[in-house]
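Student: Take a look at the following structure, please.
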2 protein chains.
Amino acid sequence: MKIDPTSSKDLSAQIADAIREEIVAGRLIVDQRLPSESELADYFDVSRPTVREALKRLAAQSLIRTQRGATGGAFVNRLRFEDAYDQQVTTASLLLSMNAVSFDVACEARYALERACAPLSAARRTPDHLATMRAEIHREGQPGLTDEAFCASDVTFHRALVDGAGNKVLSYQLAGAVEAMQPLMNMITFTARSREEIIALHTMIADAIEAGNADATESALNALETYTRELAHSVVTARASKSKEKTA
Amino acid sequence: MKIDPTSSKDLSAQIADAIREEIVAGRLIVDQRLPSESELADYFDVSRPTVREALKRLAAQSLIRTQRGATGGAFVNRLRFEDAYDQQVTTASLLLSMNAVSFDVACEARYALERACAPLSAARRTPDHLATMRAEIHREGQPGLTDEAFCASDVTFHRALVDGAGNKVLSYQLAGAVEAMQPLMNMITFTARSREEIIALHTMIADAIEAGNADATESALNALETYTRELAHSVVTARASKSKEKTA
DNA sequence: GACATTAAAATGCCAGACAATTAAAAAAGT
DNA sequence: ACTTTTTTAATTGTCTGGCATTTTAATGTC
């Protein structure tokens, strides 16, 4: 575990990399205590603030946690799926917004991944998952629901579908795809007419899942994807003609 | 953009959260320069080292980059897919190794996601993608190839398949699933017999992709998943009986 | 034995300084 | 007037040393 003082990288980045490598390689195991900041400073021959910067980098990735007090210190953190969700969602959202990813591309990816969960969810979903889906469908029919609340309900519905597959790895992977889409979805304002249509499609999905029918689930998802993309296109077209009016 | 001095969280964590929120919300845009460390220290009423710790946290997530010199400073970084790949792979690997995720669960997730790419890849793959797949199949047939090199080739093959879908978001999402599996796959030692079988299945996949046949691609992937899981089970069984021998 | 006090160890935070780097401004030379 | 060199200023990178806070363990007291 060594660092190169002539490297162009920050010392704190190098130290963080070195420690991260130890964790990934399994030479530092979960809940193991790292040497104290002073000891690390001595070991790497740098000052304590530099070590601290390195440790904060690792903390930002949830690789370590710190505890104060006599028996405190930095400990290798068990990376939990829940912790990783948030980072996944943040990262995915920024990737979409910063790289000019089109709605179509994002939508295609999302529904492709979701269809991958459909057969598993149709086979394995618990009554709980189904109940969540039904509850969200009901919520979506409430009059006076804001667009934001409708979108949030949509996300909950789809997460129940995904979680129904009973595979934590899948749920984690899909978290980014589903939740990162929400800001984009929010850009589509839902008319009463389109809400009705979406609720109908959600009901088709829930029915197919309840019946354990994988094919029906897939085709319902296909229909939902098609409709979502059409909706987005019509919104874009409407905006374009409106801005044309303005310039004219 | 405020912090709460009575919070239990580190000041540097709070400051990082505050700035991250600004970035996610789009109030700080790509390539925009943040105030200097001294200015941030004044603004948040903390010392410069504390601000620096906060900035290192953001740098660890590739949200900012720093530049030294007169016109230097911290700039909002355009999060690129390539940057996110690495983090995705590291995170996914640690999730698998630290949460006792079984080979079956990980494998199921991986192939479910990969099947989602199959129809798109069959329809859109370029000659390049196909050439990569063929080249890797050829490499896998070379005698004297180490297990590690075989696994690496396997990863390249599957990434070409995924990239063939021509959807960056899908490629990004799949990077974690495919590459994080490599350490687990490495645990399976490939006999000459099983390599032959895998090469045959890879060829089936490449043929199906070349023919633009989505269904054939899917069923070839299914066969590969089944075979991989059987292989893993036989390895586990063999190890169990071997350790039994030892104890006996 | 139960409780209060003290000591020690660790992280959290700060002040101030200097080094290194970079770009712009100023000066010098032609 | 133009080019080159030098200086200067701004900014991050790093260090030293210190104090505050938190937590546990040891110690002392009743």
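In the structure tokens, each chain is lettered A, B, ... as it comes, each chain's residues begin at 1, and ligands are numbered from 1 in order of appearance.
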Could you pull the residues within 6 Å of Gly176 in chain A, counting only C-alpha atoms (C1' of nucleotides), minus those fewer than 5 positions along the same chain, as a list of chain:residue names?
Tutor: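 Everything that qualifies: A:Gln88, A:Val89, A:Ala92.
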Student: Can you list every residue of chain D that has an atom at most 6 Å from chain B, with its nearest atom pair and the distance in Å to one decimal, using only C-alpha atoms (C1' of nucleotides), ordered by chain then number, as a tab-separated table?
Tutor:
residue	atom	partner	partner_atom	distance
D:DA10	C1'	B:Ala70	CA	4.3
D:DT11	C1'	B:Gly69	CA	5.1
D:DT12	C1'	B:Arg68	CA	4.8
Student: Using Å and a single decimal, report how far C1' of DC14 in chain C sits from C1' of DG18 in chain D.
Tutor: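 Interatomic distance here is 8.5 Å.
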Student: If we count only C-alpha atoms, which residues of chain B reach to within 8 Å of chain A? Please list them as number ranges by chain.
Tutor: B: 24, 30, 49, 52-54, 56-61, 78-81, 84, 90-91, 93-95, 98-99, 105-106, 109, 112-113, 115-117, 167-170, 173, 177
Student: Mind the document's chain letters and residue numbers, and return as a PyMOL selection string the residues of range 24-247 of chain B that DSSP labels helix (DSSP H, G or I).
Tutor: chain B and resi 24+37-44+48-60+81-98+103-124+127-140+147-163+168-180+182-186+192-210+214-247
Student: Could you pull the residues within 8 Å of Glu22 in chain B, counting only C-alpha atoms (C1' of nucleotides), minus those fewer than 5 positions along the same chain, as a list in words?
Tutor: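 Everything that qualifies: Met1, Arg27 and Leu28 of chain B.
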Student: Pick out the closest residue to chain C from this set: B:Ser102, B:Gln182, B:Ser47, B:Thr203. Count only C-alpha atoms (C1' of nucleotides).
Tutor: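 Checking each of B:Ser102, B:Gln182, B:Ser47, B:Thr203 against chain C, counting only C-alpha atoms (C1' of nucleotides), the winner is B:Ser47.
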Student: Name all residues at most 12 Å from Glu196 in chain A (count only C-alpha atoms (C1' of nucleotides); drop same-chain ones fewer than 6 positions away) and give them as an NGL selection string.
Tutor: :A and (137-138 or 140-143 or 150 or 190 or 202-203 or 227)
Student: Would you please work out which residue, of B:Val155, B:Leu40, B:Val236, B:Val46, is nearest to chain C when using only C-alpha atoms (C1' of nucleotides)?
Tutor: B:Val46
Student: As an exercise, work out the distance from CA of Ser194 in chain B to CA of Glu230 in chain B in Å and give it to one decimal place.
Tutor: 10.7 Å
Student: Of the candidates A:Glu39, A:Glu225, A:Glu148, A:Asp4, which shows the shortest atom-to-atom distance to chain C, using only C-alpha atoms (C1' of nucleotides)?
Tutor: A:Glu39
Student: Enumerate as a list in words all residues of range 27-194 of chain A assigned to strand (DSSP E) by DSSP on the backbone, naming them with the chain letters and numbers the document uses.
Tutor: Ile64, Arg65, Thr66, Gln67, Gly73, Ala74, Phe75 and Val76 of chain A
Student: Kindly assemble as a Markdown table a list of the chain C residues that lie within 8 Å of chain B, each paired with its nearest atom pair and their distance in Å to one decimal, using only C-alpha atoms (C1' of nucleotides), sorted first by chain and then by ascending residue number.
Tutor:
| residue | atom | partner | partner_atom | distance |
| --- | --- | --- | --- | --- |
| C:DG12 | C1' | B:Asp10 | CA | 7.6 |
| C:DC13 | C1' | B:Thr50 | CA | 7.3 |
| C:DC14 | C1' | B:Ser47 | CA | 6.0 |
| C:DT21 | C1' | B:Gly69 | CA | 5.0 |
| C:DT22 | C1' | B:Gly69 | CA | 3.8 |
| C:DA23 | C1' | B:Ala70 | CA | 5.5 |
Student: For those residues, write N, CA and C atoms (P, O5', C5', C4', C3', O3' and C1' of nucleotides) to a file as a tab-separated table (two decimals), in the first residue's frame.
Tutor:
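Generated output (selection.tsv):
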chain	number	residue	atom	x	y	z
C	12	DG	P	-14.73	12.69	12.22
C	12	DG	O5'	-14.76	14.09	12.99
C	12	DG	C5'	-15.88	14.41	13.80
C	12	DG	C4'	-15.87	15.91	14.13
C	12	DG	C3'	-15.75	16.81	12.91
C	12	DG	O3'	-16.68	17.88	13.05
C	12	DG	C1'	-14.02	17.30	14.43
C	13	DC	P	-16.90	18.91	11.84
C	13	DC	O5'	-15.87	20.06	12.23
C	13	DC	C5'	-16.09	20.80	13.42
C	13	DC	C4'	-14.93	21.74	13.66
C	13	DC	C3'	-14.54	22.60	12.47
C	13	DC	O3'	-15.01	23.92	12.72
C	13	DC	C1'	-12.64	21.78	13.68
C	14	DC	P	-14.77	25.07	11.66
C	14	DC	O5'	-13.44	25.75	12.20
C	14	DC	C5'	-13.36	26.14	13.57
C	14	DC	C4'	-11.98	26.66	13.87
C	14	DC	C3'	-11.45	27.65	12.84
C	14	DC	O3'	-11.17	28.89	13.44
C	14	DC	C1'	-9.82	25.99	13.36
C	21	DT	P	4.35	22.32	-9.24
C	21	DT	O5'	3.17	23.15	-9.89
C	21	DT	C5'	1.84	22.85	-9.49
C	21	DT	C4'	0.90	23.90	-10.03
C	21	DT	C3'	1.15	24.29	-11.49
C	21	DT	O3'	-0.07	24.10	-12.17
C	21	DT	C1'	0.84	26.20	-10.15
C	22	DT	P	-0.11	23.75	-13.74
C	22	DT	O5'	-0.80	25.07	-14.30
C	22	DT	C5'	-2.04	25.48	-13.73
C	22	DT	C4'	-2.21	26.96	-13.87
C	22	DT	C3'	-1.91	27.54	-15.26
C	22	DT	O3'	-3.15	27.76	-15.91
C	22	DT	C1'	-1.24	28.99	-13.47
C	23	DA	P	-3.24	28.12	-17.43
C	23	DA	O5'	-3.56	29.68	-17.31
C	23	DA	C5'	-4.64	30.08	-16.47
C	23	DA	C4'	-4.59	31.57	-16.25
C	23	DA	C3'	-4.45	32.40	-17.53
C	23	DA	O3'	-5.33	33.49	-17.46
C	23	DA	C1'	-2.75	32.97	-16.00
Student: Here is a test: counting only C-alpha atoms (C1' of nucleotides), which residue of D:DT16, D:DA1, D:DG28, D:DT23 is nearest to DA10 in chain C?
Tutor: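 Closest residue, counting only C-alpha atoms (C1' of nucleotides): D:DT23.
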Student: One decimal, in Å: what's the spacing between CA of Ala214 in chain A and CA of Arg195 in chain A?
Tutor: 24.5 Å
Student: Pick out the residues sitting within 12 Å of Ile205 in chain A, and hand them over as a ChimeraX atom specification; count only C-alpha atoms (C1' of nucleotides), and ignore anything fewer than 2 positions along from it in its own chain.
Tutor: /A:114-115,118-119,121-122,130,133-134,137,157-158,160-162,198-203,207-224
Student: Atoms to include: C-alpha atoms. Write the selected residues as a PDB file, in the first residue's frame.
Tutor:
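Contents of again.pdb, as written:
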ATOM      1  CA  GLU A 114     -38.472  -3.223 -16.714  1.00  0.00           C
ATOM      2  CA  ARG A 115     -39.616  -5.831 -19.199  1.00  0.00           C
ATOM      3  CA  ALA A 118     -41.766  -8.730 -15.813  1.00  0.00           C
ATOM      4  CA  PRO A 119     -41.595 -12.538 -16.077  1.00  0.00           C
ATOM      5  CA  SER A 121     -42.375 -10.510 -11.079  1.00  0.00           C
ATOM      6  CA  ALA A 122     -45.356 -12.316 -12.613  1.00  0.00           C
ATOM      7  CA  LEU A 130     -49.760  -6.524  -5.787  1.00  0.00           C
ATOM      8  CA  MET A 133     -49.721  -1.629  -7.201  1.00  0.00           C
ATOM      9  CA  ARG A 134     -53.490  -1.604  -6.708  1.00  0.00           C
ATOM     10  CA  ILE A 137     -53.610   2.822  -9.197  1.00  0.00           C
ATOM     11  CA  PHE A 157     -46.107   1.524  -8.853  1.00  0.00           C
ATOM     12  CA  HIS A 158     -43.176   0.606 -11.056  1.00  0.00           C
ATOM     13  CA  ALA A 160     -43.453  -2.489  -6.721  1.00  0.00           C
ATOM     14  CA  LEU A 161     -43.455  -4.205 -10.089  1.00  0.00           C
ATOM     15  CA  VAL A 162     -39.684  -4.420 -10.096  1.00  0.00           C
ATOM     16  CA  ILE A 198     -52.102   5.518 -17.939  1.00  0.00           C
ATOM     17  CA  ILE A 199     -54.335   4.200 -15.173  1.00  0.00           C
ATOM     18  CA  ALA A 200     -55.897   1.800 -17.659  1.00  0.00           C
ATOM     19  CA  LEU A 201     -52.464   0.563 -18.680  1.00  0.00           C
ATOM     20  CA  HIS A 202     -51.368   0.242 -15.054  1.00  0.00           C
ATOM     21  CA  THR A 203     -54.470  -1.824 -14.428  1.00  0.00           C
ATOM     22  CA  ASP A 207     -54.026  -7.752 -13.825  1.00  0.00           C
ATOM     23  CA  ALA A 208     -51.350  -9.556 -15.820  1.00  0.00           C
ATOM     24  CA  ILE A 209     -49.074  -9.730 -12.801  1.00  0.00           C
ATOM     25  CA  GLU A 210     -51.922 -11.019 -10.642  1.00  0.00           C
ATOM     26  CA  ALA A 211     -52.689 -13.691 -13.226  1.00  0.00           C
ATOM     27  CA  GLY A 212     -49.003 -14.622 -13.352  1.00  0.00           C
ATOM     28  CA  ASN A 213     -49.069 -14.003 -17.068  1.00  0.00           C
ATOM     29  CA  ALA A 214     -45.592 -12.955 -18.208  1.00  0.00           C
ATOM     30  CA  ASP A 215     -46.506 -12.356 -21.834  1.00  0.00           C
ATOM     31  CA  ALA A 216     -49.463 -10.171 -20.964  1.00  0.00           C
ATOM     32  CA  THR A 217     -47.278  -8.188 -18.573  1.00  0.00           C
ATOM     33  CA  GLU A 218     -44.731  -7.612 -21.275  1.00  0.00           C
ATOM     34  CA  SER A 219     -47.215  -6.466 -23.836  1.00  0.00           C
ATOM     35  CA  ALA A 220     -48.869  -4.152 -21.328  1.00  0.00           C
ATOM     36  CA  LEU A 221     -45.471  -2.650 -20.612  1.00  0.00           C
ATOM     37  CA  ASN A 222     -44.937  -2.298 -24.332  1.00  0.00           C
ATOM     38  CA  ALA A 223     -48.210  -0.458 -24.646  1.00  0.00           C
ATOM     39  CA  LEU A 224     -47.263   1.814 -21.770  1.00  0.00           C
TER      40      LEU A 224
END
